[in-house]
$ cat entry-v5.cif   # mmCIF, C-alpha atoms and all ligand atoms
data_start
loop_
_atom_site.group_PDB
_atom_site.id
_atom_site.type_symbol
_atom_site.label_atom_id
_atom_site.label_comp_id
_atom_site.auth_asym_id
_atom_site.auth_seq_id
_atom_site.Cartn_x
_atom_site.Cartn_y
_atom_site.Cartn_z
ATOM 1 C CA MET T 1 19.947 -28.546 19.138
ATOM 2 C CA SER T 2 16.715 -27.228 17.659
ATOM 3 C CA MET T 3 17.047 -25.049 14.519
ATOM 4 C CA THR T 4 14.138 -22.777 15.453
ATOM 5 C CA PRO T 5 16.015 -20.125 17.492
ATOM 6 C CA ARG T 6 18.613 -19.709 14.731
ATOM 7 C CA VAL T 7 15.972 -19.216 12.031
ATOM 8 C CA LEU T 8 14.306 -16.610 14.218
ATOM 9 C CA GLU T 9 17.615 -14.855 14.828
ATOM 10 C CA ILE T 10 18.368 -14.553 11.093
ATOM 11 C CA ARG T 11 14.848 -13.324 10.412
ATOM 12 C CA GLN T 12 15.197 -10.662 13.092
ATOM 13 C CA LYS T 13 18.486 -9.510 11.563
ATOM 14 C CA ILE T 14 16.901 -9.175 8.108
ATOM 15 C CA LEU T 15 13.993 -7.233 9.579
ATOM 16 C CA SER T 16 16.177 -4.883 11.602
ATOM 17 C CA ARG T 17 18.341 -4.218 8.521
ATOM 18 C CA ASN T 18 15.148 -3.428 6.595
ATOM 19 C CA ASP T 19 14.020 -1.102 9.395
ATOM 20 C CA GLU T 20 17.298 0.804 9.236
ATOM 21 C CA ILE T 21 17.033 1.269 5.463
ATOM 22 C CA ALA T 22 13.358 2.227 5.807
ATOM 23 C CA ARG T 23 14.194 4.873 8.406
ATOM 24 C CA ALA T 24 16.741 6.496 6.087
ATOM 25 C CA LEU T 25 14.340 6.232 3.149
ATOM 26 C CA ARG T 26 11.510 7.856 5.134
ATOM 27 C CA ALA T 27 13.811 10.750 6.078
ATOM 28 C CA THR T 28 14.837 11.239 2.418
ATOM 29 C CA LEU T 29 11.266 11.138 1.136
ATOM 30 C CA GLN T 30 9.989 13.492 3.820
ATOM 31 C CA SER T 31 12.833 15.960 3.292
ATOM 32 C CA HIS T 32 11.799 16.193 -0.373
ATOM 33 C CA GLY T 33 8.144 16.834 0.504
ATOM 34 C CA VAL T 34 6.895 13.436 -0.624
ATOM 35 C CA VAL T 35 3.955 11.735 1.093
ATOM 36 C CA THR T 36 4.268 7.969 0.588
ATOM 37 C CA LEU T 37 1.572 5.289 0.640
ATOM 38 C CA ASN T 38 2.152 1.527 0.764
ATOM 39 C CA LEU T 39 -0.801 -0.457 -0.649
ATOM 40 C CA VAL T 40 -1.107 -3.995 0.697
ATOM 41 C CA SER T 41 -3.703 -6.682 0.040
ATOM 42 C CA SER T 42 -4.207 -10.210 -1.210
ATOM 43 C CA PRO T 43 -3.631 -10.890 -4.936
ATOM 44 C CA GLY T 44 -6.359 -9.495 -7.147
ATOM 45 C CA SER T 45 -8.200 -7.377 -4.598
ATOM 46 C CA GLY T 46 -7.968 -4.352 -6.868
ATOM 47 C CA LYS T 47 -4.788 -2.415 -6.000
ATOM 48 C CA THR T 48 -3.810 -1.695 -9.596
ATOM 49 C CA ARG T 49 -7.330 -0.874 -10.697
ATOM 50 C CA LEU T 50 -7.744 1.604 -7.835
ATOM 51 C CA LEU T 51 -4.358 3.122 -8.643
ATOM 52 C CA GLU T 52 -5.151 3.397 -12.363
ATOM 53 C CA HIS T 53 -8.096 5.597 -11.480
ATOM 54 C CA THR T 54 -6.253 7.453 -8.711
ATOM 55 C CA LEU T 55 -3.201 8.339 -10.804
ATOM 56 C CA ALA T 56 -5.319 9.505 -13.750
ATOM 57 C CA GLN T 57 -7.368 11.773 -11.465
ATOM 58 C CA LEU T 58 -4.308 13.165 -9.685
ATOM 59 C CA VAL T 59 -2.492 13.882 -12.957
ATOM 60 C CA ALA T 60 -5.616 15.668 -14.245
ATOM 61 C CA ALA T 61 -5.752 17.752 -11.051
ATOM 62 C CA GLY T 62 -2.088 18.748 -11.378
ATOM 63 C CA ILE T 63 -0.999 16.730 -8.329
ATOM 64 C CA ARG T 64 2.367 15.139 -9.008
ATOM 65 C CA ALA T 65 2.258 11.385 -8.358
ATOM 66 C CA TYR T 66 4.812 8.614 -8.862
ATOM 67 C CA ALA T 67 4.185 4.879 -8.506
ATOM 68 C CA LEU T 68 6.312 1.809 -7.840
ATOM 69 C CA VAL T 69 4.676 -1.577 -8.250
ATOM 70 C CA GLY T 70 6.025 -4.903 -7.007
ATOM 71 C CA ASP T 71 5.366 -8.313 -8.524
ATOM 72 C CA LEU T 72 7.153 -11.642 -8.759
ATOM 73 C CA ALA T 73 6.855 -11.610 -12.546
ATOM 74 C CA THR T 74 5.631 -9.470 -15.469
ATOM 75 C CA ASP T 75 5.462 -5.714 -15.864
ATOM 76 C CA ASN T 76 1.719 -5.853 -16.581
ATOM 77 C CA ASP T 77 0.799 -3.611 -13.650
ATOM 78 C CA ALA T 78 3.419 -0.972 -14.493
ATOM 79 C CA GLN T 79 2.086 -0.863 -18.058
ATOM 80 C CA ARG T 80 -1.460 -0.402 -16.777
ATOM 81 C CA LEU T 81 -0.452 2.379 -14.384
ATOM 82 C CA ALA T 82 1.782 4.191 -16.888
ATOM 83 C CA ARG T 83 -1.263 4.902 -19.087
ATOM 84 C CA SER T 84 -2.237 7.560 -16.526
ATOM 85 C CA GLY T 85 0.778 9.654 -17.531
ATOM 86 C CA ALA T 86 2.335 9.368 -14.055
ATOM 87 C CA ALA T 87 5.940 8.217 -13.607
ATOM 88 C CA VAL T 88 5.842 4.464 -12.919
ATOM 89 C CA LYS T 89 8.424 1.718 -12.377
ATOM 90 C CA GLN T 90 7.931 -2.026 -12.003
ATOM 91 C CA ILE T 91 9.908 -3.812 -9.274
ATOM 92 C CA LEU T 92 10.486 -7.518 -9.888
ATOM 93 C CA THR T 93 11.118 -9.195 -6.554
ATOM 94 C CA GLN T 94 13.200 -12.214 -7.710
ATOM 95 C CA GLY T 95 10.748 -14.614 -6.112
ATOM 96 C CA ARG T 96 10.246 -12.687 -2.875
ATOM 97 C CA CYS T 97 6.662 -12.402 -1.661
ATOM 98 C CA HIS T 98 6.939 -8.795 -0.454
ATOM 99 C CA LEU T 99 8.759 -5.548 -1.172
ATOM 100 C CA GLU T 100 11.696 -4.456 0.970
ATOM 101 C CA ALA T 101 12.925 -0.942 1.700
ATOM 102 C CA GLU T 102 16.151 -1.492 -0.226
ATOM 103 C CA MET T 103 14.175 -2.272 -3.403
ATOM 104 C CA ILE T 104 12.344 1.042 -3.027
ATOM 105 C CA THR T 105 15.593 2.981 -2.516
ATOM 106 C CA GLN T 106 17.113 1.363 -5.617
ATOM 107 C CA HIS T 107 14.108 2.023 -7.829
ATOM 108 C CA LEU T 108 13.817 5.663 -6.799
ATOM 109 C CA GLU T 109 17.218 6.320 -8.352
ATOM 110 C CA GLY T 110 16.968 8.711 -11.276
ATOM 111 C CA TRP T 111 13.629 10.184 -10.132
ATOM 112 C CA ASP T 112 13.415 13.820 -9.054
ATOM 113 C CA LEU T 113 11.805 13.442 -5.634
ATOM 114 C CA ALA T 114 11.372 17.189 -5.269
ATOM 115 C CA ALA T 115 8.912 16.972 -8.187
ATOM 116 C CA CYS T 116 6.724 14.371 -6.444
ATOM 117 C CA ASP T 117 3.793 15.103 -4.122
ATOM 118 C CA LEU T 118 2.496 11.561 -3.597
ATOM 119 C CA LEU T 119 4.409 8.309 -4.015
ATOM 120 C CA PHE T 120 2.308 5.145 -4.269
ATOM 121 C CA ILE T 121 3.911 1.772 -3.652
ATOM 122 C CA GLU T 122 1.802 -1.185 -4.748
ATOM 123 C CA ASN T 123 3.108 -4.129 -2.743
ATOM 124 C CA VAL T 124 3.140 -7.748 -3.903
ATOM 125 C CA GLY T 125 -0.304 -9.322 -3.470
ATOM 126 C CA ASN T 126 0.043 -11.180 -0.161
ATOM 127 C CA LEU T 127 -1.811 -10.846 3.135
ATOM 128 C CA VAL T 128 1.063 -12.079 5.311
ATOM 129 C CA CYS T 129 4.652 -11.117 4.447
ATOM 130 C CA PRO T 130 4.328 -7.408 3.504
ATOM 131 C CA SER T 131 3.048 -6.575 6.996
ATOM 132 C CA SER T 132 6.536 -6.974 8.528
ATOM 133 C CA TYR T 133 8.395 -4.777 6.054
ATOM 134 C CA ASP T 134 8.452 -1.032 6.588
ATOM 135 C CA LEU T 135 8.980 0.657 3.217
ATOM 136 C CA GLY T 136 9.475 4.144 4.629
ATOM 137 C CA GLU T 137 5.828 4.957 3.992
ATOM 138 C CA ASP T 138 3.764 7.567 5.812
ATOM 139 C CA ILE T 139 0.482 5.754 5.283
ATOM 140 C CA ARG T 140 -0.204 2.046 4.992
ATOM 141 C CA VAL T 141 -3.340 1.270 3.005
ATOM 142 C CA ALA T 142 -4.902 -2.187 3.360
ATOM 143 C CA LEU T 143 -7.360 -3.190 0.634
ATOM 144 C CA LEU T 144 -9.940 -5.917 1.102
ATOM 145 C CA SER T 145 -12.387 -6.882 -1.601
ATOM 146 C CA VAL T 146 -15.905 -7.994 -0.728
ATOM 147 C CA THR T 147 -15.286 -11.266 -2.586
ATOM 148 C CA GLU T 148 -12.670 -12.405 -0.036
ATOM 149 C CA GLY T 149 -15.001 -12.934 2.927
ATOM 150 C CA GLU T 150 -15.772 -10.842 5.999
ATOM 151 C CA ASP T 151 -13.446 -12.881 8.226
ATOM 152 C CA LYS T 152 -10.158 -11.949 6.544
ATOM 153 C CA PRO T 153 -9.210 -9.174 9.011
ATOM 154 C CA LEU T 154 -9.578 -11.742 11.829
ATOM 155 C CA LYS T 155 -7.528 -14.387 10.000
ATOM 156 C CA TYR T 156 -4.741 -12.067 8.866
ATOM 157 C CA PRO T 157 -4.624 -9.559 11.723
ATOM 158 C CA ALA T 158 -1.063 -8.274 11.262
ATOM 159 C CA ILE T 159 -1.691 -6.718 7.873
ATOM 160 C CA PHE T 160 -4.907 -4.996 8.956
ATOM 161 C CA ASN T 161 -3.573 -4.036 12.366
ATOM 162 C CA SER T 162 -0.586 -2.266 10.779
ATOM 163 C CA ALA T 163 -2.775 -0.264 8.357
ATOM 164 C CA ASP T 164 -3.735 3.406 8.703
ATOM 165 C CA VAL T 165 -6.729 3.182 6.396
ATOM 166 C CA ALA T 166 -8.777 0.309 4.953
ATOM 167 C CA ILE T 167 -10.213 0.400 1.454
ATOM 168 C CA VAL T 168 -13.019 -2.062 0.867
ATOM 169 C CA THR T 169 -13.034 -2.769 -2.872
ATOM 170 C CA LYS T 170 -15.513 -4.222 -5.379
ATOM 171 C CA VAL T 171 -18.584 -3.190 -3.393
ATOM 172 C CA ASP T 172 -20.537 -3.509 -6.673
ATOM 173 C CA LEU T 173 -20.167 -7.276 -6.116
ATOM 174 C CA ALA T 174 -21.304 -7.252 -2.470
ATOM 175 C CA ALA T 175 -24.873 -8.361 -3.170
ATOM 176 C CA ALA T 176 -23.775 -11.138 -5.526
ATOM 177 C CA CYS T 177 -21.320 -12.411 -2.896
ATOM 178 C CA GLU T 178 -23.860 -11.992 -0.087
ATOM 179 C CA THR T 179 -21.253 -9.961 1.772
ATOM 180 C CA ASP T 180 -22.322 -8.702 5.190
ATOM 181 C CA MET T 181 -20.828 -5.190 4.949
ATOM 182 C CA ALA T 182 -21.552 -4.341 8.601
ATOM 183 C CA LEU T 183 -19.733 -7.483 9.752
ATOM 184 C CA LEU T 184 -16.800 -6.741 7.439
ATOM 185 C CA HIS T 185 -16.516 -3.231 8.926
ATOM 186 C CA ASP T 186 -16.846 -4.604 12.473
ATOM 187 C CA ASN T 187 -14.041 -7.092 11.843
ATOM 188 C CA LEU T 188 -11.739 -4.377 10.470
ATOM 189 C CA SER T 189 -12.499 -2.181 13.479
ATOM 190 C CA ALA T 190 -11.984 -5.067 15.902
ATOM 191 C CA ILE T 191 -8.450 -5.606 14.593
ATOM 192 C CA ARG T 192 -7.627 -1.913 14.213
ATOM 193 C CA PRO T 193 -9.932 0.136 16.442
ATOM 194 C CA GLY T 194 -10.877 3.488 14.951
ATOM 195 C CA ILE T 195 -9.514 2.701 11.490
ATOM 196 C CA ARG T 196 -10.908 4.847 8.677
ATOM 197 C CA ILE T 197 -12.772 2.618 6.227
ATOM 198 C CA ILE T 198 -13.665 3.693 2.695
ATOM 199 C CA ASP T 199 -16.027 1.517 0.635
ATOM 200 C CA THR T 200 -15.210 1.676 -3.066
ATOM 201 C CA SER T 201 -16.035 0.272 -6.450
ATOM 202 C CA ALA T 202 -13.661 0.964 -9.313
ATOM 203 C CA ARG T 203 -16.459 -0.266 -11.575
ATOM 204 C CA THR T 204 -19.254 2.102 -10.522
ATOM 205 C CA GLY T 205 -17.043 4.856 -9.103
ATOM 206 C CA GLU T 206 -18.591 4.585 -5.626
ATOM 207 C CA GLY T 207 -16.291 5.918 -2.919
ATOM 208 C CA LEU T 208 -13.560 7.056 -5.284
ATOM 209 C CA ASP T 209 -14.141 10.757 -4.611
ATOM 210 C CA GLU T 210 -13.935 10.061 -0.875
ATOM 211 C CA TRP T 211 -10.614 8.227 -1.424
ATOM 212 C CA LEU T 212 -9.222 11.116 -3.507
ATOM 213 C CA ALA T 213 -10.353 13.642 -0.907
ATOM 214 C CA TYR T 214 -8.650 11.502 1.765
ATOM 215 C CA LEU T 215 -5.389 11.621 -0.227
ATOM 216 C CA VAL T 216 -5.499 15.381 -0.713
ATOM 217 C CA GLU T 217 -6.302 15.934 2.972
ATOM 218 C CA GLN T 218 -3.565 13.575 4.151
ATOM 219 C CA ARG T 219 -1.023 15.325 1.946
ATOM 220 C CA ARG T 220 -2.045 18.680 3.426
ATOM 221 C CA LEU T 221 -1.976 17.402 7.019
ATOM 222 C CA ARG T 222 1.397 15.682 6.651
ATOM 223 C CA MET T 223 2.976 18.794 5.143
ATOM 224 C CA VAL T 224 1.603 20.969 7.983
ATOM 225 C CA GLU T 225 2.895 18.412 10.525
ATOM 226 C CA ARG T 226 6.348 18.410 8.964
ATOM 227 C CA SER T 227 6.648 22.189 8.757
ATOM 228 C CA SER T 228 5.692 22.496 12.439
ATOM 229 C CA CYS T 229 8.394 19.929 13.384
ATOM 230 C CA VAL T 230 11.275 21.951 11.846
HETATM 231 N N1 LIG K 1 -16.318 -5.685 -10.284
HETATM 232 C C1 LIG K 1 -15.178 -5.118 -9.910
HETATM 233 N N2 LIG K 1 -14.002 -5.633 -10.309
HETATM 234 C C2 LIG K 1 -12.868 -5.037 -9.900
HETATM 235 C C3 LIG K 1 -12.863 -3.893 -9.054
HETATM 236 N N3 LIG K 1 -11.598 -3.545 -8.791
HETATM 237 C C4 LIG K 1 -10.829 -4.433 -9.450
HETATM 238 N N4 LIG K 1 -11.589 -5.328 -10.122
HETATM 239 C C5 LIG K 1 -11.117 -6.440 -10.960
HETATM 240 O O1 LIG K 1 -10.410 -7.375 -10.152
HETATM 241 C C6 LIG K 1 -9.336 -7.960 -10.897
HETATM 242 C C7 LIG K 1 -8.027 -7.765 -10.148
HETATM 243 O O2 LIG K 1 -7.759 -6.366 -10.065
HETATM 244 P P1 LIG K 1 -6.285 -5.789 -9.959
HETATM 245 O O3 LIG K 1 -6.387 -4.330 -9.876
HETATM 246 O O4 LIG K 1 -5.417 -6.366 -11.021
HETATM 247 O O5 LIG K 1 -5.854 -6.423 -8.551
HETATM 248 P P2 LIG K 1 -4.433 -6.310 -7.810
HETATM 249 O O6 LIG K 1 -4.723 -6.220 -6.356
HETATM 250 O O7 LIG K 1 -3.635 -5.217 -8.396
HETATM 251 O O8 LIG K 1 -3.782 -7.717 -8.168
HETATM 252 P P3 LIG K 1 -2.230 -8.154 -7.939
HETATM 253 O O9 LIG K 1 -1.369 -7.012 -8.346
HETATM 254 O O10 LIG K 1 -2.085 -9.339 -8.844
HETATM 255 O O11 LIG K 1 -2.119 -8.508 -6.493
HETATM 256 C C8 LIG K 1 -9.349 -7.276 -12.253
HETATM 257 O O12 LIG K 1 -10.057 -8.085 -13.154
HETATM 258 C C9 LIG K 1 -10.095 -5.973 -11.981
HETATM 259 O O13 LIG K 1 -10.713 -5.424 -13.129
HETATM 260 C C10 LIG K 1 -14.130 -3.352 -8.659
HETATM 261 O O14 LIG K 1 -14.255 -2.372 -7.929
HETATM 262 N N5 LIG K 1 -15.251 -4.020 -9.110
HETATM 263 MG MG MG K 2 -1.713 -5.226 -9.169
#

$ encode --input "entry-v5.cif" --output "structure tokens" --more "lines below"
Ligand SMILES: Nc1nc2c(ncn2[C@@H]2O[C@H](COP(=O)(O)OP(=O)(O)OP(=O)(O)O)[C@@H](O)[C@H]2O)c(=O)[nH]1
Ligand SMILES: [Mg+2]
Amino acid sequence: MSMTPRVLEIRQKILSRNDEIARALRATLQSHGVVTLNLVSSPGSGKTRLLEHTLAQLVAAGIRAYALVGDLATDNDAQRLARSGAAVKQILTQGRCHLEAEMITQHLEGWDLAACDLLFIENVGNLVCPSSYDLGEDIRVALLSVTEGEDKPLKYPAIFNSADVAIVTKVDLAAACETDMALLHDNLSAIRPGIRIIDTSARTGEGLDEWLAYLVEQRRLRMVERSSCV
């Protein structure tokens, strides 16, 4: 007998268990007024650098932000993010290539969710596995740096198709990499028609105000949506 169906069955069970935990987590976060973002991308595309800037700006503006950051090893990213003054925790994934909802639930313990406006979850750098795992987020943010090649949305469709917004990073390097920005946008839109795309550079500051305005607007919209659902 072939092993394939059994492997698939176990995988489905793990995913449906994750979905159940994610559903409960989403309900808890929403009931406390938290808007949650899950940042996914390949390793090194600039998730932490974007978040360093974002958290510092939000703290300065009096918007209460928390961050969880997942990695296989080291707490380097948590140390970088904590400099902003925001509450930050590192999640070490014990070798797993993605975050799971249960890890988020566990690491939120001890945090006052009622005192949080925006929760950022930086996923493990990986363009494949994180796409299947709901973390109870409201907004999935896919980052793609210009150095990775315009074809990545076509080659890794699941991660870009499941995103609500795409952040193109490192646009200061676009000329050096001969990146065709129009093609990169077209490929993102082909995989996720109508997706909002924000071009950014953490180095020059390009697009960062647009990203911050997007966050503030999304928080407002989600809170209005929730109050009208009660
Ligand atoms: N030139 C340039 N470099 C950037 C930009 N954003 C990030 N970088 C650099 O890219 C490298 C990786 O950035 P990180 O923020 O650590 O990337 P990451 O996605 O968090 O990486 P992992 O957590 O390991 O997946 C660092 O050297 C950053 O300084 C940018 O906008 N422009
Ligand atoms: Mg990082």

$ residues_near_ligand --input "entry-v5.cif" --ligand "ligand LIG 1 (chain K)" --cutoff "10 Å" --atoms "all atoms listed in the file" --output "JSON, numbers by chain"
{"T": [39, 40, 41, 42, 43, 44, 45, 46, 47, 48, 49, 50, 51, 52, 69, 70, 71, 72, 73, 76, 77, 78, 80, 122, 123, 124, 125, 126, 127, 143, 144, 145, 146, 147, 168, 169, 170, 171, 172, 173, 174, 199, 200, 201, 202, 203, 204, 205, 206, 207, 208]}

$ axis_aligned_box --input "entry-v5.cif" --around "stretch 140-156 of chain T" --padding-each-side "6 Å" --output "AutoDock Vina command-line options"
--center_x -8.1 --center_y -6.2 --center_z 4.6 --size_x 27.7 --size_y 28.4 --size_z 26.4

$ closest_residue --input "entry-v5.cif" --among "T:Ile139, T:Leu68, T:Ile14, T:Ala190" --to "ligand MG 2 (chain K)" --atoms "only C-alpha atoms and all ligand atoms"
T:Leu68

$ atom_distance --input "entry-v5.cif" --atom1 "atom CA of T:Val35" --atom2 "atom CA of T:Ala22"
14.2 Å

$ residues_near_point --input "entry-v5.cif" --point "(12.0, 12.4, 1.3)" --cutoff "12 Å" --atoms "only C-alpha atoms" --output "MDAnalysis selection string"
chainID T and resid 22:36 105 108 111:119 136:138 223 226

$ closest_residue --input "entry-v5.cif" --among "T:Asp180, T:Asp164, T:Glu225, T:Glu20" --to "T:Ile198" --atoms "all atoms listed in the file"
T:Asp164

$ residues_around --input "entry-v5.cif" --residues "T:Ser189" --least-positions-apart "5" --cutoff "12 Å" --atoms "only C-alpha atoms" --output "list in words"
Glu150, Asp151, Pro153, Leu154, Pro157, Phe160, Asn161, Ala163, Asp164, Val165, Ala166, Ala182, Leu183, Leu184, Gly194, Ile195, Arg196 and Ile197 of chain T

$ closest_residue --input "entry-v5.cif" --among "T:Val224, T:Leu58, T:Ile91, T:Ala65" --to "ligand MG 2 (chain K)" --atoms "only C-alpha atoms and all ligand atoms"
T:Ile91

$ closest_residue --input "entry-v5.cif" --among "T:Gln90, T:Asn18, T:Gln57, T:Thr179" --to "ligand MG 2 (chain K)" --atoms "all atoms listed in the file"
T:Gln90

$ closest_residue --input "entry-v5.cif" --among "T:Glu217, T:Ala101, T:Ile121, T:Asp134" --to "ligand MG 2 (chain K)" --atoms "all atoms listed in the file"
T:Ile121
